[in-house]
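File shown here: structure_27.txt, holding compact mmCIF, C-alpha atoms and all ligand atoms.
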```txt
# COMPACT_ATOMS: atom_id res chain seq x y z
CA MET A 1 -14.89 12.09 16.06
CA SER A 2 -14.70 12.40 12.28
CA VAL A 3 -12.12 10.69 10.11
CA GLY A 4 -11.39 11.66 6.51
CA PHE A 5 -10.31 8.90 4.13
CA ILE A 6 -8.82 9.43 0.66
CA GLY A 7 -8.12 6.59 -1.80
CA LEU A 8 -10.79 3.90 -2.06
CA GLY A 9 -9.04 1.29 -4.18
CA VAL A 10 -8.20 -2.33 -3.41
CA MET A 11 -6.73 -1.43 0.00
CA GLY A 12 -8.48 1.80 0.96
CA HIS A 13 -12.02 0.58 0.39
CA SER A 14 -11.65 -2.31 2.84
CA MET A 15 -9.85 -0.12 5.40
CA ALA A 16 -12.54 2.56 5.21
CA LYS A 17 -15.19 -0.10 5.73
CA HIS A 18 -13.53 -1.16 8.99
CA LEU A 19 -13.65 2.44 10.22
CA ILE A 20 -17.39 2.70 9.51
CA LYS A 21 -17.93 -0.63 11.29
CA ALA A 22 -16.00 0.72 14.29
CA GLY A 23 -18.45 3.64 14.50
CA TYR A 24 -16.33 6.51 13.15
CA HIS A 25 -18.06 9.26 11.22
CA LEU A 26 -16.28 8.89 7.88
CA ASN A 27 -15.72 11.59 5.24
CA VAL A 28 -14.51 10.11 1.94
CA TYR A 29 -12.93 11.29 -1.29
CA ASN A 30 -11.56 9.34 -4.26
CA ARG A 31 -10.53 10.26 -7.81
CA THR A 32 -13.32 8.06 -9.18
CA ARG A 33 -16.46 8.75 -7.19
CA SER A 34 -18.23 5.49 -8.07
CA LYS A 35 -15.81 3.58 -5.82
CA ALA A 36 -17.24 5.47 -2.84
CA GLU A 37 -20.89 4.58 -3.49
CA SER A 38 -21.12 1.43 -1.35
CA LEU A 39 -19.41 3.25 1.55
CA ILE A 40 -21.80 6.20 1.18
CA ALA A 41 -24.67 3.71 1.35
CA GLU A 42 -23.19 2.55 4.67
CA GLY A 43 -23.11 6.09 6.07
CA ALA A 44 -19.88 7.70 4.77
CA LYS A 45 -20.15 11.32 3.61
CA TRP A 46 -18.76 12.32 0.20
CA MET A 47 -16.43 15.34 0.08
CA ASP A 48 -15.79 17.17 -3.18
CA THR A 49 -12.08 17.87 -2.62
CA PRO A 50 -9.25 16.88 -0.24
CA GLN A 51 -9.39 20.49 1.01
CA GLU A 52 -13.04 20.13 2.05
CA LEU A 53 -12.31 16.73 3.56
CA ALA A 54 -9.48 18.14 5.70
CA PHE A 55 -11.68 21.01 6.84
CA GLU A 56 -14.48 18.64 7.91
CA SER A 57 -12.34 15.96 9.60
CA ASP A 58 -10.39 15.61 12.85
CA TYR A 59 -8.00 13.02 11.39
CA VAL A 60 -7.15 12.28 7.77
CA LEU A 61 -5.93 8.98 6.28
CA THR A 62 -4.73 8.62 2.69
CA ILE A 63 -3.86 5.57 0.60
CA VAL A 64 -3.52 6.48 -3.06
CA GLY A 65 -1.34 4.87 -5.74
CA TYR A 66 1.97 6.66 -6.43
CA PRO A 67 4.10 9.38 -4.81
CA GLU A 68 2.78 11.76 -7.50
CA ASP A 69 -0.78 11.06 -6.30
CA VAL A 70 0.28 11.75 -2.71
CA GLU A 71 1.81 15.08 -3.77
CA LYS A 72 -1.39 16.06 -5.55
CA VAL A 73 -3.62 15.12 -2.62
CA TYR A 74 -1.52 16.92 0.01
CA LEU A 75 0.13 19.79 -1.84
CA GLY A 76 -2.03 20.33 -4.92
CA GLN A 77 -4.74 22.85 -5.57
CA SER A 78 -7.69 22.20 -3.22
CA GLY A 79 -5.39 19.72 -1.50
CA LEU A 80 -5.34 18.64 2.14
CA PHE A 81 -3.01 21.38 3.35
CA GLU A 82 -5.35 24.04 1.95
CA GLY A 83 -8.05 22.79 4.34
CA SER A 84 -5.88 21.87 7.31
CA LYS A 85 -6.19 23.18 10.88
CA PRO A 86 -3.49 23.22 13.58
CA GLY A 87 -3.66 20.16 15.82
CA GLN A 88 -4.72 17.75 13.12
CA VAL A 89 -2.93 14.47 12.33
CA PHE A 90 -2.65 13.28 8.71
CA VAL A 91 -1.53 9.71 8.01
CA ASP A 92 -0.27 8.64 4.60
CA LEU A 93 -0.62 4.87 4.21
CA THR A 94 0.52 4.88 0.56
CA THR A 95 3.80 3.14 -0.26
CA SER A 96 5.73 6.22 -1.28
CA ARG A 97 9.17 7.86 -1.29
CA PRO A 98 10.87 8.44 2.09
CA SER A 99 11.98 11.88 0.86
CA LEU A 100 8.36 12.86 0.14
CA ALA A 101 7.30 11.72 3.62
CA ILE A 102 9.98 14.00 5.09
CA GLU A 103 8.78 16.91 2.94
CA LEU A 104 5.12 16.42 3.95
CA ALA A 105 6.04 16.23 7.64
CA LYS A 106 8.00 19.47 7.26
CA GLN A 107 5.20 21.29 5.44
CA GLY A 108 2.68 19.91 7.95
CA LYS A 109 4.73 21.21 10.86
CA GLU A 110 4.66 24.71 9.36
CA ARG A 111 0.85 24.48 9.57
CA GLY A 112 0.70 22.85 13.01
CA VAL A 113 -0.26 19.48 11.49
CA ILE A 114 1.52 16.20 12.26
CA VAL A 115 1.99 14.10 9.11
CA LEU A 116 2.90 10.45 9.67
CA ASP A 117 4.11 8.02 7.02
CA ALA A 118 2.42 4.67 7.67
CA PRO A 119 2.74 2.28 4.72
CA VAL A 120 1.18 -1.11 5.27
CA SER A 121 1.79 -4.74 4.36
CA GLY A 122 -0.53 -7.72 4.46
CA GLY A 123 -2.12 -7.40 1.02
CA ASP A 124 -5.72 -7.19 -0.10
CA LEU A 125 -6.60 -10.05 2.25
CA GLY A 126 -5.00 -8.33 5.25
CA ALA A 127 -6.99 -5.19 4.45
CA ARG A 128 -10.26 -7.13 4.15
CA GLU A 129 -9.63 -8.99 7.39
CA GLY A 130 -8.35 -5.93 9.28
CA ARG A 131 -5.00 -7.45 10.11
CA LEU A 132 -2.46 -5.32 8.28
CA THR A 133 1.00 -4.42 9.55
CA ALA A 134 1.66 -0.66 9.63
CA MET A 135 5.17 0.85 9.62
CA ILE A 136 5.23 4.31 11.13
CA GLY A 137 7.53 7.28 10.73
CA GLY A 138 7.03 10.77 12.15
CA GLU A 139 6.26 12.37 15.50
CA ALA A 140 5.50 9.64 18.04
CA ILE A 141 2.88 11.79 19.76
CA GLY A 142 0.89 11.80 16.51
CA LEU A 143 0.92 8.02 16.46
CA GLU A 144 -0.48 7.80 19.97
CA SER A 145 -3.48 9.96 19.07
CA VAL A 146 -4.22 8.09 15.85
CA ARG A 147 -3.48 4.57 17.12
CA PRO A 148 -7.12 3.64 17.95
CA ILE A 149 -8.04 4.46 14.33
CA LEU A 150 -5.19 2.38 12.89
CA ASP A 151 -6.13 -0.48 15.24
CA CYS A 152 -9.37 -0.87 13.25
CA PHE A 153 -7.48 -2.36 10.29
CA ALA A 154 -3.94 -3.07 11.53
CA SER A 155 -3.11 -5.86 13.96
CA ASN A 156 0.58 -4.86 14.10
CA ILE A 157 1.82 -1.29 14.39
CA PHE A 158 5.56 -0.66 14.46
CA TYR A 159 7.06 2.78 15.14
CA HIS A 160 10.36 3.18 13.29
CA GLY A 161 11.41 6.77 14.05
CA SER A 162 11.29 10.17 12.43
CA ALA A 163 9.47 11.07 9.19
CA GLY A 164 10.42 8.76 6.32
CA ALA A 165 11.38 5.85 8.60
CA GLY A 166 8.05 4.09 7.95
CA GLN A 167 8.70 4.30 4.19
CA HIS A 168 12.21 2.94 4.67
CA ALA A 169 10.76 -0.02 6.63
CA LYS A 170 8.32 -0.63 3.77
CA ALA A 171 11.14 -0.46 1.21
CA ALA A 172 12.95 -3.13 3.26
CA ASN A 173 9.72 -5.15 3.20
CA GLN A 174 9.50 -4.89 -0.59
CA ILE A 175 13.14 -5.94 -1.01
CA MET A 176 12.19 -9.14 0.84
CA ILE A 177 9.06 -9.58 -1.32
CA ALA A 178 11.23 -9.26 -4.45
CA GLY A 179 12.99 -12.40 -3.24
CA THR A 180 9.88 -14.31 -2.15
CA MET A 181 8.00 -13.63 -5.41
CA THR A 182 10.88 -14.64 -7.67
CA GLY A 183 11.62 -17.61 -5.39
CA MET A 184 7.98 -18.72 -5.29
CA THR A 185 7.48 -18.53 -9.06
CA GLU A 186 10.79 -20.27 -9.80
CA THR A 187 9.84 -22.98 -7.28
CA LEU A 188 6.54 -23.63 -9.08
CA ARG A 189 8.26 -23.55 -12.45
CA TYR A 190 10.80 -26.15 -11.32
CA ALA A 191 8.21 -28.33 -9.56
CA LYS A 192 6.02 -28.36 -12.67
CA ALA A 193 8.95 -29.22 -14.95
CA SER A 194 9.86 -32.13 -12.69
CA GLY A 195 6.31 -33.49 -12.78
CA LEU A 196 5.42 -32.94 -9.11
CA ASP A 197 1.90 -32.31 -7.80
CA LEU A 198 1.96 -28.53 -7.35
CA ASN A 199 -0.69 -28.40 -4.60
CA LYS A 200 1.31 -30.94 -2.64
CA VAL A 201 4.50 -28.92 -3.19
CA ILE A 202 2.85 -25.78 -1.78
CA ASP A 203 1.56 -27.73 1.25
CA THR A 204 4.97 -29.32 1.82
CA LEU A 205 6.98 -26.11 1.56
CA SER A 206 4.47 -24.22 3.72
CA GLY A 207 5.30 -26.52 6.62
CA GLY A 208 9.04 -25.93 6.61
CA ALA A 209 11.84 -23.42 6.26
CA ALA A 210 10.68 -22.39 2.75
CA ASN A 211 7.36 -21.11 4.08
CA ASN A 212 6.55 -17.50 3.26
CA TRP A 213 3.58 -15.19 2.65
CA SER A 214 4.01 -15.11 -1.14
CA LEU A 215 3.96 -18.90 -1.30
CA SER A 216 0.90 -19.42 0.90
CA ASN A 217 -1.13 -16.50 -0.50
CA TYR A 218 -0.11 -16.24 -4.14
CA GLY A 219 0.90 -19.86 -4.85
CA PRO A 220 -2.72 -21.13 -4.60
CA ARG A 221 -3.96 -18.18 -6.69
CA ILE A 222 -1.55 -19.20 -9.47
CA LEU A 223 -2.79 -22.79 -9.37
CA LYS A 224 -6.37 -21.45 -9.76
CA GLU A 225 -5.14 -19.26 -12.63
CA ASP A 226 -6.32 -16.21 -10.67
CA TYR A 227 -4.11 -13.33 -11.77
CA SER A 228 -6.35 -10.53 -10.51
CA PRO A 229 -4.88 -7.91 -8.12
CA GLY A 230 -4.24 -8.32 -5.11
CA PHE A 231 -1.23 -6.21 -5.48
CA PHE A 232 -0.75 -4.58 -8.88
CA VAL A 233 2.38 -5.32 -10.94
CA LYS A 234 2.61 -1.56 -11.65
CA HIS A 235 2.69 -0.77 -7.91
CA PHE A 236 5.41 -3.36 -7.26
CA ILE A 237 7.50 -1.76 -10.02
CA LYS A 238 6.98 1.58 -8.27
CA ASP A 239 8.03 0.08 -4.91
CA LEU A 240 11.16 -1.62 -6.25
CA GLY A 241 12.11 1.65 -7.95
CA ILE A 242 11.71 3.51 -4.63
CA ALA A 243 13.84 0.92 -2.81
CA LEU A 244 16.60 0.97 -5.44
CA GLU A 245 16.62 4.77 -5.56
CA ALA A 246 16.97 4.93 -1.76
CA ALA A 247 19.68 2.23 -1.83
CA GLN A 248 21.63 4.32 -4.30
CA GLU A 249 21.70 7.17 -1.79
CA TYR A 250 23.42 4.77 0.65
CA LYS A 251 25.72 3.55 -2.14
CA ILE A 252 24.64 -0.06 -1.70
CA ASP A 253 23.97 -2.46 -4.56
CA LEU A 254 20.91 -4.75 -4.41
CA PRO A 255 21.39 -7.11 -7.35
CA GLY A 256 18.50 -9.45 -6.48
CA THR A 257 16.07 -6.55 -6.21
CA LYS A 258 17.37 -5.14 -9.51
CA LEU A 259 16.74 -8.46 -11.24
CA ALA A 260 13.21 -8.65 -9.79
CA LEU A 261 12.52 -5.15 -11.13
CA GLU A 262 13.77 -6.18 -14.59
CA LEU A 263 11.49 -9.24 -14.58
CA TYR A 264 8.46 -7.22 -13.45
CA GLN A 265 9.24 -4.54 -16.05
CA GLU A 266 9.28 -7.29 -18.70
CA LEU A 267 5.87 -8.41 -17.44
CA ALA A 268 4.49 -4.86 -17.61
CA ASP A 269 5.91 -4.44 -21.13
CA ALA A 270 3.98 -7.58 -22.08
CA GLY A 271 0.77 -5.74 -21.08
CA LEU A 272 0.32 -7.17 -17.57
CA GLU A 273 0.92 -4.06 -15.45
CA ASP A 274 -2.63 -4.16 -14.09
CA ALA A 275 -2.44 -7.85 -13.16
CA GLY A 276 -1.57 -9.05 -9.66
CA THR A 277 2.10 -9.68 -8.85
CA GLN A 278 1.54 -13.46 -8.94
CA ALA A 279 1.29 -13.04 -12.75
CA LEU A 280 5.12 -13.14 -12.75
CA ILE A 281 4.73 -16.86 -13.51
CA LYS A 282 3.27 -15.84 -16.89
CA LEU A 283 6.75 -14.94 -18.09
CA TRP A 284 7.24 -18.71 -18.33
CA TRP A 285 3.79 -20.40 -18.33
P1 LIG A 301 -5.55 1.11 -6.08
O1 LIG A 301 -6.59 0.04 -6.08
O2 LIG A 301 -5.07 1.65 -7.38
O3 LIG A 301 -6.07 2.30 -5.16
C1 LIG A 301 -5.56 3.60 -5.18
C2 LIG A 301 -6.74 4.54 -5.07
O4 LIG A 301 -6.26 5.87 -4.93
C3 LIG A 301 -7.63 4.50 -6.32
O5 LIG A 301 -8.98 4.31 -5.93
C4 LIG A 301 -7.39 5.86 -6.95
O6 LIG A 301 -8.49 6.41 -7.62
C5 LIG A 301 -7.07 6.70 -5.74
N1 LIG A 301 -6.34 7.92 -6.12
C6 LIG A 301 -5.19 8.03 -6.83
N2 LIG A 301 -4.86 9.32 -6.99
C7 LIG A 301 -5.82 10.04 -6.37
C8 LIG A 301 -6.04 11.41 -6.18
N3 LIG A 301 -5.19 12.32 -6.69
N4 LIG A 301 -7.13 11.79 -5.49
C9 LIG A 301 -7.99 10.88 -4.99
N5 LIG A 301 -7.84 9.56 -5.13
C10 LIG A 301 -6.77 9.13 -5.81
O7 LIG A 301 -4.26 0.59 -5.31
P2 LIG A 301 -4.16 -0.28 -3.95
O8 LIG A 301 -3.85 -1.68 -4.30
O9 LIG A 301 -5.31 0.02 -3.06
O10 LIG A 301 -2.81 0.32 -3.36
C11 LIG A 301 -2.76 1.61 -2.78
C12 LIG A 301 -1.37 1.86 -2.20
O11 LIG A 301 -1.09 0.88 -1.20
C13 LIG A 301 -0.24 1.76 -3.24
O12 LIG A 301 0.76 2.69 -2.93
C14 LIG A 301 0.26 0.33 -3.05
O13 LIG A 301 1.60 0.21 -3.45
C15 LIG A 301 0.08 0.16 -1.55
N6 LIG A 301 -0.11 -1.23 -1.09
C16 LIG A 301 -0.91 -2.10 -1.78
C17 LIG A 301 -1.07 -3.40 -1.31
C18 LIG A 301 -1.93 -4.41 -2.03
O14 LIG A 301 -1.76 -5.62 -1.77
N7 LIG A 301 -2.85 -4.00 -2.90
C19 LIG A 301 -0.44 -3.80 -0.12
C20 LIG A 301 0.32 -2.87 0.57
C21 LIG A 301 0.48 -1.59 0.08
P3 LIG A 301 -9.20 5.70 -8.88
O15 LIG A 301 -10.30 4.91 -8.26
O16 LIG A 301 -9.65 6.81 -9.73
O17 LIG A 301 -8.14 4.85 -9.55
```
Since I need it in another form, could you write the structure as structure tokens?
Ligand code: NAP
Amino acid sequence: MSVGFIGLGVMGHSMAKHLIKAGYHLNVYNRTRSKAESLIAEGAKWMDTPQELAFESDYVLTIVGYPEDVEKVYLGQSGLFEGSKPGQVFVDLTTSRPSLAIELAKQGKERGVIVLDAPVSGGDLGAREGRLTAMIGGEAIGLESVRPILDCFASNIFYHGSAGAGQHAKAANQIMIAGTMTGMTETLRYAKASGLDLNKVIDTLSGGAANNWSLSNYGPRILKEDYSPGFFVKHFIKDLGIALEAAQEYKIDLPGTKLALELYQELADAGLEDAGTQALIKLWW
């Protein structure tokens, strides 16, 4: 069975590697070809366009950067839909707009293709270790056929409902992360100001009610002054924008999320949009 994989960045490269390890015949495409070289050396086959990749693959997985990238890959010239065949399942793992997921599922249906939205959480580490959480929206029957492929890099798979529901679950996830990242950096800022041992503070808080993923994964990176991505500041700004835009449709105000977006925008304006999200501390340190 052949699987096509598009988007070989921080997340996609590790995920594609798991698929090769699991024995799938992998067809790959990425905007920058050099990022595919090590996978090609391990047996993946390079495809010149998403269209060719769709034509040559039974299943297609995508994880690119922004909704605009998703549109280009699926709907653009020489895009996936131009090479699609009825019966295929396409899975978009990008964190993208729920409305775009609905549109892709609709256009897929017209071609006999099931398109699932399946954004993930768990970070660069989760991708490397093959233990991501995937949040699925779309036709459930599509999920059942693609589940063994997702199992190669996701240890938790949650089905949330019709197209777009996976993206809504991810938006909810990012609203929580807005709180844990601002909370974690403010915690370190306060602990430092009060003269505490920061490693000890992280260990202490990790054992109690304040424990959270941002603290245990990004706290130690901050103490090592490692601001590499991880998860790009620019992508978090995209995600918070998606969440706030969707919230507006429901006429609900999310003041904490808004504030987090303002802080991250300030960070990007200071030239740190390509840093990891833990660089938020640099607003103060
Ligand atoms: P990334 O390193 O920037 O990877 C995105 C990849 O997509 C890049 O290799 C990029 O190509 C490729 N791409 C973009 N547009 C393309 C196109 N039109 N055709 C082909 N390839 C294209 O970002 P990432 O960290 O892996 O994140 C990917 C997605 O997952 C984002 O939506 C992000 O929000 C989400 N996410 C990230 C994390 C995390 O911790 N990193 C966790 C959960 C979810 P180039 O090589 O040319 O740039």
What residues have any atom no more than 9 Å from ligand LIG 301 (chain A) when counting only C-alpha atoms and all ligand atoms, and can you list them as an MDAnalysis selection string? chainID A and resid 6:14 29:36 49:50 62:74 76 93:96 119:127 132 170 229:232 234:236 238:239 276
Restricting it to C-alpha atoms, dump the selection as an mmCIF file, keeping the file's coordinate frame.
```
data_model
loop_
_atom_site.group_PDB
_atom_site.id
_atom_site.type_symbol
_atom_site.label_atom_id
_atom_site.label_comp_id
_atom_site.auth_asym_id
_atom_site.auth_seq_id
_atom_site.Cartn_x
_atom_site.Cartn_y
_atom_site.Cartn_z
ATOM 1 C CA ILE A 6 -8.820 9.430 0.660
ATOM 2 C CA GLY A 7 -8.120 6.590 -1.800
ATOM 3 C CA LEU A 8 -10.790 3.900 -2.060
ATOM 4 C CA GLY A 9 -9.040 1.290 -4.180
ATOM 5 C CA VAL A 10 -8.200 -2.330 -3.410
ATOM 6 C CA MET A 11 -6.730 -1.430 0.000
ATOM 7 C CA GLY A 12 -8.480 1.800 0.960
ATOM 8 C CA HIS A 13 -12.020 0.580 0.390
ATOM 9 C CA SER A 14 -11.650 -2.310 2.840
ATOM 10 C CA TYR A 29 -12.930 11.290 -1.290
ATOM 11 C CA ASN A 30 -11.560 9.340 -4.260
ATOM 12 C CA ARG A 31 -10.530 10.260 -7.810
ATOM 13 C CA THR A 32 -13.320 8.060 -9.180
ATOM 14 C CA ARG A 33 -16.460 8.750 -7.190
ATOM 15 C CA SER A 34 -18.230 5.490 -8.070
ATOM 16 C CA LYS A 35 -15.810 3.580 -5.820
ATOM 17 C CA ALA A 36 -17.240 5.470 -2.840
ATOM 18 C CA THR A 49 -12.080 17.870 -2.620
ATOM 19 C CA PRO A 50 -9.250 16.880 -0.240
ATOM 20 C CA THR A 62 -4.730 8.620 2.690
ATOM 21 C CA ILE A 63 -3.860 5.570 0.600
ATOM 22 C CA VAL A 64 -3.520 6.480 -3.060
ATOM 23 C CA GLY A 65 -1.340 4.870 -5.740
ATOM 24 C CA TYR A 66 1.970 6.660 -6.430
ATOM 25 C CA PRO A 67 4.100 9.380 -4.810
ATOM 26 C CA GLU A 68 2.780 11.760 -7.500
ATOM 27 C CA ASP A 69 -0.780 11.060 -6.300
ATOM 28 C CA VAL A 70 0.280 11.750 -2.710
ATOM 29 C CA GLU A 71 1.810 15.080 -3.770
ATOM 30 C CA LYS A 72 -1.390 16.060 -5.550
ATOM 31 C CA VAL A 73 -3.620 15.120 -2.620
ATOM 32 C CA TYR A 74 -1.520 16.920 0.010
ATOM 33 C CA GLY A 76 -2.030 20.330 -4.920
ATOM 34 C CA LEU A 93 -0.620 4.870 4.210
ATOM 35 C CA THR A 94 0.520 4.880 0.560
ATOM 36 C CA THR A 95 3.800 3.140 -0.260
ATOM 37 C CA SER A 96 5.730 6.220 -1.280
ATOM 38 C CA PRO A 119 2.740 2.280 4.720
ATOM 39 C CA VAL A 120 1.180 -1.110 5.270
ATOM 40 C CA SER A 121 1.790 -4.740 4.360
ATOM 41 C CA GLY A 122 -0.530 -7.720 4.460
ATOM 42 C CA GLY A 123 -2.120 -7.400 1.020
ATOM 43 C CA ASP A 124 -5.720 -7.190 -0.100
ATOM 44 C CA LEU A 125 -6.600 -10.050 2.250
ATOM 45 C CA GLY A 126 -5.000 -8.330 5.250
ATOM 46 C CA ALA A 127 -6.990 -5.190 4.450
ATOM 47 C CA LEU A 132 -2.460 -5.320 8.280
ATOM 48 C CA LYS A 170 8.320 -0.630 3.770
ATOM 49 C CA PRO A 229 -4.880 -7.910 -8.120
ATOM 50 C CA GLY A 230 -4.240 -8.320 -5.110
ATOM 51 C CA PHE A 231 -1.230 -6.210 -5.480
ATOM 52 C CA PHE A 232 -0.750 -4.580 -8.880
ATOM 53 C CA LYS A 234 2.610 -1.560 -11.650
ATOM 54 C CA HIS A 235 2.690 -0.770 -7.910
ATOM 55 C CA PHE A 236 5.410 -3.360 -7.260
ATOM 56 C CA LYS A 238 6.980 1.580 -8.270
ATOM 57 C CA ASP A 239 8.030 0.080 -4.910
ATOM 58 C CA GLY A 276 -1.570 -9.050 -9.660
#
```
For range 115-228 of chain A versus range 254-262 of chain A, which residues have an atom no more than 7 Å away, and what is each residue's nearest atom pair and distance in Å rounded to one decimal, using all atoms listed in the file, chain-then-number order, as CSV?
```
residue,atom,partner,partner_atom,distance
A:Ile175,CA,A:Thr257,CA,6.0
A:Ala178,CA,A:Ala260,CA,5.7
A:Thr182,CA,A:Ala260,CA,6.8
```
Go through A:Phe81, A:Gly166, A:Leu100, A:Val89 one by one, measure the shortest atom-to-atom distance of each to Glu144 in chain A using only C-alpha atoms, and give the residue with the smallest value.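 Of A:Phe81, A:Gly166, A:Leu100, A:Val89, the one nearest Glu144 in chain A is A:Val89, counting only C-alpha atoms.
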Could you list as a PyMOL selection string every residue that has an atom within 10 Å of (-13.0, 19.7, 2.2), using the file's coordinates and counting all atoms listed in the file? chain A and resi 4+27-29+46-57+78-80+82-84
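With all atoms listed in the file as the basis for measurement, A:Ile177 is the residue among A:Val113, A:Ile102, A:Ile177, A:Leu143 that approaches Ala243 in chain A most closely.
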Using the structure just given, write a file holding N, CA, C and O atoms for range 162-176 of chain A, as a PDB file, in the first residue's frame.
```
ATOM      1  N   SER A 162     -18.255  15.647  12.278  1.00  0.00           N
ATOM      2  CA  SER A 162     -18.186  15.939  10.842  1.00  0.00           C
ATOM      3  C   SER A 162     -17.012  16.865  10.510  1.00  0.00           C
ATOM      4  O   SER A 162     -16.330  17.378  11.414  1.00  0.00           O
ATOM      5  N   ALA A 163     -16.791  17.090   9.215  1.00  0.00           N
ATOM      6  CA  ALA A 163     -15.654  17.890   8.741  1.00  0.00           C
ATOM      7  C   ALA A 163     -15.564  19.209   9.502  1.00  0.00           C
ATOM      8  O   ALA A 163     -16.570  19.889   9.723  1.00  0.00           O
ATOM      9  N   GLY A 164     -14.366  19.565   9.905  1.00  0.00           N
ATOM     10  CA  GLY A 164     -14.142  20.802  10.658  1.00  0.00           C
ATOM     11  C   GLY A 164     -14.071  20.570  12.165  1.00  0.00           C
ATOM     12  O   GLY A 164     -13.475  21.369  12.891  1.00  0.00           O
ATOM     13  N   ALA A 165     -14.665  19.459  12.632  1.00  0.00           N
ATOM     14  CA  ALA A 165     -14.717  19.224  14.090  1.00  0.00           C
ATOM     15  C   ALA A 165     -13.315  18.981  14.662  1.00  0.00           C
ATOM     16  O   ALA A 165     -13.023  19.363  15.801  1.00  0.00           O
ATOM     17  N   GLY A 166     -12.451  18.341  13.870  1.00  0.00           N
ATOM     18  CA  GLY A 166     -11.068  18.124  14.322  1.00  0.00           C
ATOM     19  C   GLY A 166     -10.365  19.460  14.512  1.00  0.00           C
ATOM     20  O   GLY A 166      -9.662  19.676  15.504  1.00  0.00           O
ATOM     21  N   GLN A 167     -10.585  20.387  13.569  1.00  0.00           N
ATOM     22  CA  GLN A 167      -9.958  21.719  13.675  1.00  0.00           C
ATOM     23  C   GLN A 167     -10.530  22.499  14.858  1.00  0.00           C
ATOM     24  O   GLN A 167      -9.806  23.256  15.504  1.00  0.00           O
ATOM     25  N   HIS A 168     -11.813  22.321  15.130  1.00  0.00           N
ATOM     26  CA  HIS A 168     -12.377  22.996  16.312  1.00  0.00           C
ATOM     27  C   HIS A 168     -11.743  22.441  17.595  1.00  0.00           C
ATOM     28  O   HIS A 168     -11.468  23.196  18.539  1.00  0.00           O
ATOM     29  N   ALA A 169     -11.525  21.113  17.639  1.00  0.00           N
ATOM     30  CA  ALA A 169     -10.892  20.512  18.824  1.00  0.00           C
ATOM     31  C   ALA A 169      -9.479  21.074  18.991  1.00  0.00           C
ATOM     32  O   ALA A 169      -9.032  21.375  20.099  1.00  0.00           O
ATOM     33  N   LYS A 170      -8.778  21.238  17.867  1.00  0.00           N
ATOM     34  CA  LYS A 170      -7.415  21.785  17.935  1.00  0.00           C
ATOM     35  C   LYS A 170      -7.443  23.252  18.373  1.00  0.00           C
ATOM     36  O   LYS A 170      -6.580  23.702  19.131  1.00  0.00           O
ATOM     37  N   ALA A 171      -8.435  24.011  17.922  1.00  0.00           N
ATOM     38  CA  ALA A 171      -8.553  25.407  18.356  1.00  0.00           C
ATOM     39  C   ALA A 171      -8.762  25.444  19.877  1.00  0.00           C
ATOM     40  O   ALA A 171      -8.162  26.273  20.576  1.00  0.00           O
ATOM     41  N   ALA A 172      -9.589  24.518  20.381  1.00  0.00           N
ATOM     42  CA  ALA A 172      -9.795  24.443  21.840  1.00  0.00           C
ATOM     43  C   ALA A 172      -8.475  24.127  22.534  1.00  0.00           C
ATOM     44  O   ALA A 172      -8.141  24.700  23.588  1.00  0.00           O
ATOM     45  N   ASN A 173      -7.707  23.225  21.922  1.00  0.00           N
ATOM     46  CA  ASN A 173      -6.384  22.870  22.456  1.00  0.00           C
ATOM     47  C   ASN A 173      -5.485  24.107  22.536  1.00  0.00           C
ATOM     48  O   ASN A 173      -4.822  24.366  23.548  1.00  0.00           O
ATOM     49  N   GLN A 174      -5.491  24.907  21.482  1.00  0.00           N
ATOM     50  CA  GLN A 174      -4.600  26.075  21.434  1.00  0.00           C
ATOM     51  C   GLN A 174      -5.045  27.179  22.396  1.00  0.00           C
ATOM     52  O   GLN A 174      -4.216  27.943  22.884  1.00  0.00           O
ATOM     53  N   ILE A 175      -6.350  27.240  22.667  1.00  0.00           N
ATOM     54  CA  ILE A 175      -6.838  28.196  23.669  1.00  0.00           C
ATOM     55  C   ILE A 175      -6.251  27.814  25.041  1.00  0.00           C
ATOM     56  O   ILE A 175      -5.800  28.675  25.804  1.00  0.00           O
ATOM     57  N   MET A 176      -6.219  26.518  25.320  1.00  0.00           N
ATOM     58  CA  MET A 176      -5.594  26.055  26.569  1.00  0.00           C
ATOM     59  C   MET A 176      -4.103  26.379  26.582  1.00  0.00           C
ATOM     60  O   MET A 176      -3.560  26.869  27.583  1.00  0.00           O
TER      61      MET A 176
END
```
